[in-house]
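Engineer: This one is final-v8.cif, mmCIF, C-alpha atoms.
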```cif
data_entry
loop_
_atom_site.label_atom_id
_atom_site.label_comp_id
_atom_site.auth_asym_id
_atom_site.auth_seq_id
_atom_site.Cartn_x
_atom_site.Cartn_y
_atom_site.Cartn_z
CA MET A 1 0.00 0.00 0.00
CA ASN A 2 1.37 3.45 -0.92
CA PHE A 3 1.56 6.32 1.53
CA SER A 4 -1.55 8.10 0.21
CA GLY A 5 -3.51 4.89 0.49
CA LEU A 6 -2.33 4.42 4.06
CA LEU A 7 -3.43 7.93 4.96
CA LYS A 8 -7.02 7.09 4.01
CA TYR A 9 -7.24 4.88 7.09
CA PHE A 10 -6.20 7.66 9.51
CA ILE A 11 -7.57 10.90 8.07
CA PRO A 12 -11.30 11.47 8.71
CA LYS A 13 -13.33 11.42 5.51
CA GLU A 14 -15.55 14.24 4.31
CA LYS A 15 -19.08 13.10 5.14
CA LYS A 16 -21.15 15.73 3.36
CA PHE A 17 -20.60 14.07 -0.02
CA TYR A 18 -22.85 11.19 1.01
CA ALA A 19 -25.82 13.45 1.70
CA MET A 20 -25.36 15.06 -1.72
CA PHE A 21 -25.11 11.68 -3.44
CA ASN A 22 -28.36 10.70 -1.75
CA GLN A 23 -30.06 13.89 -2.94
CA ALA A 24 -28.97 13.19 -6.51
CA ALA A 25 -30.16 9.58 -6.27
CA GLU A 26 -33.54 10.66 -4.89
CA ASN A 27 -33.83 13.03 -7.84
CA THR A 28 -33.63 10.06 -10.22
CA ILE A 29 -36.56 8.49 -8.38
CA GLU A 30 -38.62 11.66 -8.71
CA ALA A 31 -37.84 11.92 -12.43
CA SER A 32 -38.57 8.26 -13.14
CA LEU A 33 -41.93 8.33 -11.35
CA ALA A 34 -42.94 11.44 -13.30
CA LEU A 35 -41.97 9.73 -16.57
CA GLU A 36 -43.99 6.64 -15.62
CA LYS A 37 -47.03 8.82 -14.89
CA LEU A 38 -46.54 10.70 -18.15
CA ILE A 39 -46.52 7.56 -20.29
CA ASN A 40 -49.53 6.13 -18.49
CA SER A 41 -51.58 9.33 -18.60
CA PRO A 42 -54.43 9.47 -21.15
CA GLU A 43 -54.71 13.27 -20.87
CA LEU A 44 -52.64 15.58 -23.07
CA GLU A 45 -52.65 18.42 -20.56
CA GLU A 46 -51.50 16.15 -17.75
CA ARG A 47 -48.67 14.85 -19.93
CA ARG A 48 -47.59 18.42 -20.67
CA ALA A 49 -47.65 19.28 -16.97
CA LEU A 50 -45.58 16.20 -16.16
CA GLY A 51 -43.14 17.14 -18.92
CA LEU A 52 -42.67 20.54 -17.29
CA ALA A 53 -42.21 18.84 -13.92
CA ILE A 54 -39.49 16.61 -15.37
CA LYS A 55 -37.76 19.68 -16.82
CA ALA A 56 -37.69 21.22 -13.34
CA ILE A 57 -36.37 17.97 -11.87
CA GLU A 58 -33.61 17.90 -14.48
CA LYS A 59 -32.59 21.46 -13.59
CA LYS A 60 -32.56 20.50 -9.92
CA GLY A 61 -30.31 17.57 -10.81
CA ASP A 62 -27.89 19.93 -12.54
CA GLU A 63 -27.78 22.00 -9.36
CA PHE A 64 -26.95 18.91 -7.28
CA THR A 65 -24.23 17.97 -9.75
CA ASN A 66 -22.68 21.43 -9.73
CA GLN A 67 -22.84 21.51 -5.95
CA ILE A 68 -20.96 18.22 -5.68
CA PHE A 69 -18.30 19.39 -8.14
CA ASP A 70 -17.91 22.68 -6.23
CA VAL A 71 -17.42 20.86 -2.94
CA LEU A 72 -15.06 18.41 -4.62
CA ASN A 73 -12.88 21.27 -5.87
CA GLN A 74 -12.79 22.81 -2.40
CA SER A 75 -12.13 19.61 -0.44
CA PHE A 76 -8.77 18.19 0.52
CA ILE A 77 -10.24 15.04 2.03
CA THR A 78 -12.76 13.01 0.01
CA PRO A 79 -14.54 9.75 0.87
CA PHE A 80 -13.01 8.04 -2.18
CA ASP A 81 -11.04 8.92 -5.30
CA ARG A 82 -11.94 12.19 -7.00
CA GLU A 83 -12.24 10.38 -10.32
CA ASP A 84 -14.81 8.00 -8.82
CA ILE A 85 -16.78 10.88 -7.29
CA ASN A 86 -16.81 12.60 -10.66
CA GLU A 87 -17.93 9.43 -12.44
CA LEU A 88 -20.65 8.59 -9.91
CA THR A 89 -22.02 12.13 -9.96
CA SER A 90 -21.99 12.33 -13.75
CA THR A 91 -23.68 8.97 -14.33
CA ILE A 92 -26.46 9.73 -11.83
CA ASP A 93 -27.01 13.07 -13.55
CA ASP A 94 -27.06 11.33 -16.95
CA VAL A 95 -29.97 9.14 -15.80
CA VAL A 96 -32.08 12.22 -15.14
CA ASP A 97 -30.90 13.89 -18.36
CA LEU A 98 -32.05 10.88 -20.39
CA ILE A 99 -35.41 10.81 -18.62
CA TYR A 100 -35.82 14.48 -19.53
CA SER A 101 -34.79 13.69 -23.11
CA ALA A 102 -37.46 10.97 -23.34
CA SER A 103 -40.19 13.27 -22.03
CA GLY A 104 -39.03 15.98 -24.42
CA LYS A 105 -39.29 13.67 -27.43
CA ILE A 106 -42.80 12.68 -26.37
CA GLU A 107 -43.76 16.36 -26.30
CA ILE A 108 -42.02 17.29 -29.57
CA TYR A 109 -43.42 14.30 -31.45
CA ARG A 110 -46.92 14.85 -30.01
CA CYS A 111 -47.10 11.17 -29.11
CA THR A 112 -50.47 9.87 -27.96
CA VAL A 113 -49.93 6.10 -28.25
CA PHE A 114 -47.74 4.25 -25.75
CA SER A 115 -47.30 0.53 -26.15
CA SER A 116 -47.50 -1.96 -23.30
CA PHE A 117 -43.79 -2.62 -23.83
CA MET A 118 -43.03 1.06 -23.28
CA LYS A 119 -45.12 1.14 -20.11
CA ASP A 120 -43.39 -1.99 -18.80
CA MET A 121 -39.98 -0.47 -19.56
CA VAL A 122 -40.64 2.78 -17.68
CA ALA A 123 -42.06 0.83 -14.73
CA LEU A 124 -38.75 -1.04 -14.53
CA ILE A 125 -36.86 2.25 -14.87
CA ALA A 126 -38.72 3.50 -11.79
CA GLN A 127 -37.74 0.33 -9.90
CA GLY A 128 -34.16 0.79 -11.02
CA CYS A 129 -33.98 4.32 -9.70
CA GLN A 130 -35.12 3.05 -6.29
CA LEU A 131 -32.22 0.61 -6.45
CA ILE A 132 -29.81 3.40 -7.35
CA LYS A 133 -30.81 5.09 -4.09
CA VAL A 134 -30.19 1.86 -2.15
CA ALA A 135 -26.79 1.35 -3.77
CA VAL A 136 -25.63 4.95 -3.34
CA SER A 137 -26.87 5.36 0.23
CA GLY A 138 -25.02 2.18 1.21
CA LEU A 139 -21.62 3.57 0.25
CA GLU A 140 -21.24 5.52 3.48
CA ASP A 141 -20.78 2.38 5.57
CA THR A 142 -18.70 -0.47 4.14
CA LYS A 143 -20.63 -2.85 6.42
CA ASN A 144 -23.48 -2.38 3.93
CA SER A 145 -21.45 -3.79 1.04
CA HIS A 146 -23.64 -6.90 0.79
CA LYS A 147 -26.78 -4.76 0.53
CA VAL A 148 -25.12 -2.49 -2.03
CA LEU A 149 -23.93 -5.39 -4.18
CA LYS A 150 -27.39 -6.93 -4.07
CA ALA A 151 -28.89 -3.67 -5.37
CA CYS A 152 -26.25 -3.50 -8.11
CA LYS A 153 -26.96 -7.08 -9.14
CA GLU A 154 -30.68 -6.28 -9.33
CA LEU A 155 -29.92 -3.20 -11.43
CA ASN A 156 -28.04 -5.38 -13.89
CA ARG A 157 -30.97 -7.78 -14.01
CA LEU A 158 -33.43 -4.96 -14.66
CA GLU A 159 -31.28 -3.63 -17.47
CA SER A 160 -31.37 -7.06 -19.11
CA ARG A 161 -35.16 -7.23 -18.79
CA ILE A 162 -35.57 -3.74 -20.25
CA ASP A 163 -33.29 -4.72 -23.12
CA GLU A 164 -35.51 -7.73 -23.80
CA TYR A 165 -38.64 -5.53 -23.77
CA TYR A 166 -36.88 -3.11 -26.11
CA HIS A 167 -36.16 -5.78 -28.70
CA MET A 168 -39.68 -7.19 -28.45
CA ALA A 169 -41.11 -3.69 -28.81
CA ILE A 170 -39.02 -2.95 -31.90
CA SER A 171 -40.01 -6.26 -33.45
CA SER A 172 -43.70 -5.59 -32.77
CA LEU A 173 -43.40 -2.05 -34.06
CA PHE A 174 -41.99 -3.04 -37.42
CA GLU A 175 -44.50 -5.84 -37.74
CA ASN A 176 -47.64 -3.87 -36.87
CA GLU A 177 -47.11 -0.15 -37.39
CA LYS A 178 -48.11 0.91 -40.90
CA ASP A 179 -47.52 4.64 -40.53
CA PRO A 180 -43.79 5.27 -41.17
CA ILE A 181 -43.79 8.58 -39.27
CA GLU A 182 -45.36 7.00 -36.19
CA LEU A 183 -42.88 4.12 -36.46
CA ILE A 184 -39.96 6.54 -36.37
CA LYS A 185 -41.42 8.38 -33.37
CA GLN A 186 -42.03 5.21 -31.38
CA LYS A 187 -38.62 3.81 -32.26
CA GLU A 188 -36.86 6.97 -31.07
CA ILE A 189 -38.67 6.99 -27.74
CA LEU A 190 -38.04 3.29 -27.17
CA LEU A 191 -34.35 3.79 -27.88
CA ASN A 192 -34.20 6.69 -25.43
CA ILE A 193 -35.81 4.59 -22.69
CA GLU A 194 -33.36 1.78 -23.37
CA LYS A 195 -30.51 4.27 -22.97
CA ILE A 196 -31.84 5.18 -19.51
CA ALA A 197 -31.54 1.53 -18.52
CA ASN A 198 -27.98 1.38 -19.83
CA LYS A 199 -27.05 4.44 -17.83
CA MET A 200 -28.58 2.94 -14.66
CA GLU A 201 -26.31 -0.04 -15.20
CA ASP A 202 -23.39 2.38 -15.53
CA VAL A 203 -24.24 3.74 -12.06
CA SER A 204 -24.17 0.17 -10.78
CA ASP A 205 -20.75 -0.39 -12.34
CA VAL A 206 -19.31 2.77 -10.77
CA VAL A 207 -20.65 1.80 -7.35
CA LYS A 208 -19.13 -1.67 -7.65
CA THR A 209 -15.79 -0.16 -8.64
CA ILE A 210 -15.85 2.01 -5.53
CA LEU A 211 -16.66 -0.99 -3.34
CA VAL A 212 -13.78 -3.00 -4.79
CA LYS A 213 -11.39 -0.17 -3.90
CA TYR A 214 -12.67 0.70 -0.45
CA ALA A 215 -14.84 -2.04 1.05
#
```
Could you take the file, read its structure, and then write that structure out as structure tokens?

Structural biologist:
Amino acid sequence: MNFSGLLKYFIPKEKKFYAMFNQAAENTIEASLALEKLINSPELEERRALGLAIKAIEKKGDEFTNQIFDVLNQSFITPFDREDINELTSTIDDVVDLIYSASGKIEIYRCTVFSSFMKDMVALIAQGCQLIKVAVSGLEDTKNSHKVLKACKELNRLESRIDEYYHMAISSLFENEKDPIELIKQKEILLNIEKIANKMEDVSDVVKTILVKYA
């Protein structure tokens, strides 16, 4: 072990990062639940209102991200490597950004039809964001490593299920949708939702990397 690594065991770690990570993780939950409501809502006005709510949530996420980076730049002691803090913060923020992107496409394309596959996918996204919170909140205490790894494993499983739904949805779309414009719209939204799942898995991978280094 090098000297800097040895110091980590004796210098108290900056605790406020954990509260900020938790805020950012909770923001993904808020965004994912709004997206799920949006896709399940039959009312145009409600969908527009939810789209505006997601935009506000995304801006709030940017504020959390900037706050973490500001504290990171001002801190001598960090709970784990600066590169890992940067990666964790960025990937959590990306989840919310992609949720906002999906809601934006729905608004721009004036979508009114949402397949059962799409609804199933966003329901799993909402579950995944709950797991992100479990995984991130468990980083503060290495005694929770088993709980954190379980959440990460479940995130990986959810990503695989969403990927399966995505491929089934695309297959069904090309088989049944006769309007080429509608096909393009639906395909774009499905792809965006699938990207959210991939980014959730990225959060899981970053968390596991941190555990390997510090647990």

Engineer: Report the distance between CA of Ile125 (chain A) and CA of Lys143 (chain A) in Å, rounded to one decimal place.

Structural biologist: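 CA of Ile125 (chain A) sits 27.3 Å away from CA of Lys143 (chain A).
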
Engineer: What residues come out when you apply the PyMOL selection byres ((chain A and resi 33-39) around 6) to this file, written as number ranges by chain?

Structural biologist: A: 30-32, 40-41, 47, 50, 122, 126

Engineer: With C-alpha atoms kept, could you save the residues just selected as a compact mmCIF listing (two decimals), keeping the file's coordinate frame?

Structural biologist:
```txt
# COMPACT_ATOMS: atom_id res chain seq x y z
CA GLU A 30 -38.62 11.66 -8.71
CA ALA A 31 -37.84 11.92 -12.43
CA SER A 32 -38.57 8.26 -13.14
CA ASN A 40 -49.53 6.13 -18.49
CA SER A 41 -51.58 9.33 -18.60
CA ARG A 47 -48.67 14.85 -19.93
CA LEU A 50 -45.58 16.20 -16.16
CA VAL A 122 -40.64 2.78 -17.68
CA ALA A 126 -38.72 3.50 -11.79
```

Engineer: Name the residues that the PyMOL selection byres ((chain A and resi 96) around 8) picks from the file above, as an NGL selection string, using the file's chain letters and numbers.

Structural biologist: :A and (27-28 or 31-32 or 57-58 or 61 or 92-95 or 97-100)

Engineer: So, with only C-alpha atoms as the atoms that count, which of A:Asp120, A:Glu107, A:Asp205, A:Asp163 lies closest to Leu149 (chain A)?

Structural biologist: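 Of the candidates, the smallest distance to Leu149 (chain A) is held by A:Asp205.
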
Engineer: Please identify all polymer residues within 9 Å of Gln130 (chain A), counting all atoms listed in the file, omitting same-chain residues fewer than 3 positions from it, and present them as an mmCIF file with C-alpha atoms, in the coordinates of the input.

Structural biologist:
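Everything below was put into part.cif:
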```cif
data_model
loop_
_atom_site.group_PDB
_atom_site.id
_atom_site.type_symbol
_atom_site.label_atom_id
_atom_site.label_comp_id
_atom_site.auth_asym_id
_atom_site.auth_seq_id
_atom_site.Cartn_x
_atom_site.Cartn_y
_atom_site.Cartn_z
ATOM 1 C CA ALA A 25 -30.160 9.580 -6.270
ATOM 2 C CA GLU A 26 -33.540 10.660 -4.890
ATOM 3 C CA THR A 28 -33.630 10.060 -10.220
ATOM 4 C CA ILE A 29 -36.560 8.490 -8.380
ATOM 5 C CA ILE A 125 -36.860 2.250 -14.870
ATOM 6 C CA ALA A 126 -38.720 3.500 -11.790
ATOM 7 C CA GLN A 127 -37.740 0.330 -9.900
ATOM 8 C CA LYS A 133 -30.810 5.090 -4.090
ATOM 9 C CA VAL A 134 -30.190 1.860 -2.150
ATOM 10 C CA ALA A 135 -26.790 1.350 -3.770
#
```

Engineer: Please determine, counting all atoms listed in the file, which residue among A:Ser116, A:Thr209, A:Ser145, A:Ser101 has the shortest atom-to-atom distance to Ile196 (chain A).

Structural biologist: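 Smallest separation from Ile196 (chain A) among the options: A:Ser101.
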
Engineer: Which one of A:Leu191, A:Arg157, A:Ile132, A:His146 sits closest to Asn22 (chain A) if you count only C-alpha atoms?

Structural biologist: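 Ranking A:Leu191, A:Arg157, A:Ile132, A:His146 by distance to Asn22 (chain A), first place goes to A:Ile132.
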
Engineer: Draw an axis-aligned box over all listed atoms of region 95-105 of chain A, pad each side with 4 Å, and write its centre and edge lengths in Å, one decimal, as lines of an AutoDock Vina configuration file.

Structural biologist:
```
center_x = -35.1
center_y = 12.6
center_z = -21.3
size_x = 18.2
size_y = 14.8
size_z = 20.3
```

Engineer: Taking (-29.3, -6.4, -12.7) in the coordinates of the supplied file, I want to know which residues reach to within 12 Å of it, counting all atoms listed in the file; could you give the answer as a VMD selection string?

Structural biologist: chain A and resid 124 to 125 127 to 128 131 to 132 149 to 163 197 to 198 200 to 205

Engineer: Expand the PyMOL selection byres ((chain A and resi 187) around 12) into the explicit residue set it covers here, and present it as a PyMOL selection string.

Structural biologist: chain A and resi 102+105-106+109+111+114-115+117-118+166-174+177+180-186+188-194

Engineer: So which residues touch region 84-87 of chain A within 12 Å, counting only C-alpha atoms, skipping near sequence neighbours fewer than 3 positions away, as an mmCIF file with C-alpha atoms, in the frame of the given file?

Structural biologist:
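Output below, filename result-v1.cif:
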```cif
data_model
loop_
_atom_site.group_PDB
_atom_site.id
_atom_site.type_symbol
_atom_site.label_atom_id
_atom_site.label_comp_id
_atom_site.auth_asym_id
_atom_site.auth_seq_id
_atom_site.Cartn_x
_atom_site.Cartn_y
_atom_site.Cartn_z
ATOM 1 C CA PHE A 17 -20.600 14.070 -0.020
ATOM 2 C CA TYR A 18 -22.850 11.190 1.010
ATOM 3 C CA MET A 20 -25.360 15.060 -1.720
ATOM 4 C CA PHE A 21 -25.110 11.680 -3.440
ATOM 5 C CA THR A 65 -24.230 17.970 -9.750
ATOM 6 C CA ASN A 66 -22.680 21.430 -9.730
ATOM 7 C CA GLN A 67 -22.840 21.510 -5.950
ATOM 8 C CA ILE A 68 -20.960 18.220 -5.680
ATOM 9 C CA PHE A 69 -18.300 19.390 -8.140
ATOM 10 C CA ASP A 70 -17.910 22.680 -6.230
ATOM 11 C CA VAL A 71 -17.420 20.860 -2.940
ATOM 12 C CA LEU A 72 -15.060 18.410 -4.620
ATOM 13 C CA ASN A 73 -12.880 21.270 -5.870
ATOM 14 C CA THR A 78 -12.760 13.010 0.010
ATOM 15 C CA PRO A 79 -14.540 9.750 0.870
ATOM 16 C CA PHE A 80 -13.010 8.040 -2.180
ATOM 17 C CA ASP A 81 -11.040 8.920 -5.300
ATOM 18 C CA SER A 90 -21.990 12.330 -13.750
ATOM 19 C CA THR A 91 -23.680 8.970 -14.330
ATOM 20 C CA ILE A 92 -26.460 9.730 -11.830
ATOM 21 C CA ASP A 93 -27.010 13.070 -13.550
ATOM 22 C CA ASP A 94 -27.060 11.330 -16.950
ATOM 23 C CA VAL A 136 -25.630 4.950 -3.340
ATOM 24 C CA LEU A 139 -21.620 3.570 0.250
ATOM 25 C CA LYS A 199 -27.050 4.440 -17.830
ATOM 26 C CA ASP A 202 -23.390 2.380 -15.530
ATOM 27 C CA VAL A 203 -24.240 3.740 -12.060
ATOM 28 C CA SER A 204 -24.170 0.170 -10.780
ATOM 29 C CA ASP A 205 -20.750 -0.390 -12.340
ATOM 30 C CA VAL A 206 -19.310 2.770 -10.770
ATOM 31 C CA VAL A 207 -20.650 1.800 -7.350
ATOM 32 C CA LYS A 208 -19.130 -1.670 -7.650
ATOM 33 C CA THR A 209 -15.790 -0.160 -8.640
ATOM 34 C CA ILE A 210 -15.850 2.010 -5.530
ATOM 35 C CA LEU A 211 -16.660 -0.990 -3.340
ATOM 36 C CA VAL A 212 -13.780 -3.000 -4.790
ATOM 37 C CA LYS A 213 -11.390 -0.170 -3.900
ATOM 38 C CA TYR A 214 -12.670 0.700 -0.450
#
```

Engineer: Could you tell me how far CA of Gly51 (chain A) lies from CA of Ser103 (chain A), in Å and to one decimal?

Structural biologist: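 Answer for the CA of Gly51 (chain A) to CA of Ser103 (chain A) separation: 5.8 Å.
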
Engineer: Could you check how far CA of Gly138 (chain A) sits from CA of Ala123 (chain A), in Å to one decimal?

Structural biologist: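 Distance between the two atoms: 23.4 Å.
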
Engineer: So which one's closest to Phe64 (chain A), A:Val113, A:Val148, A:Ala24, A:Leu88? Using all atoms listed in the file, please.

Structural biologist: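 For Phe64 (chain A), the nearest of the given residues is A:Ala24.
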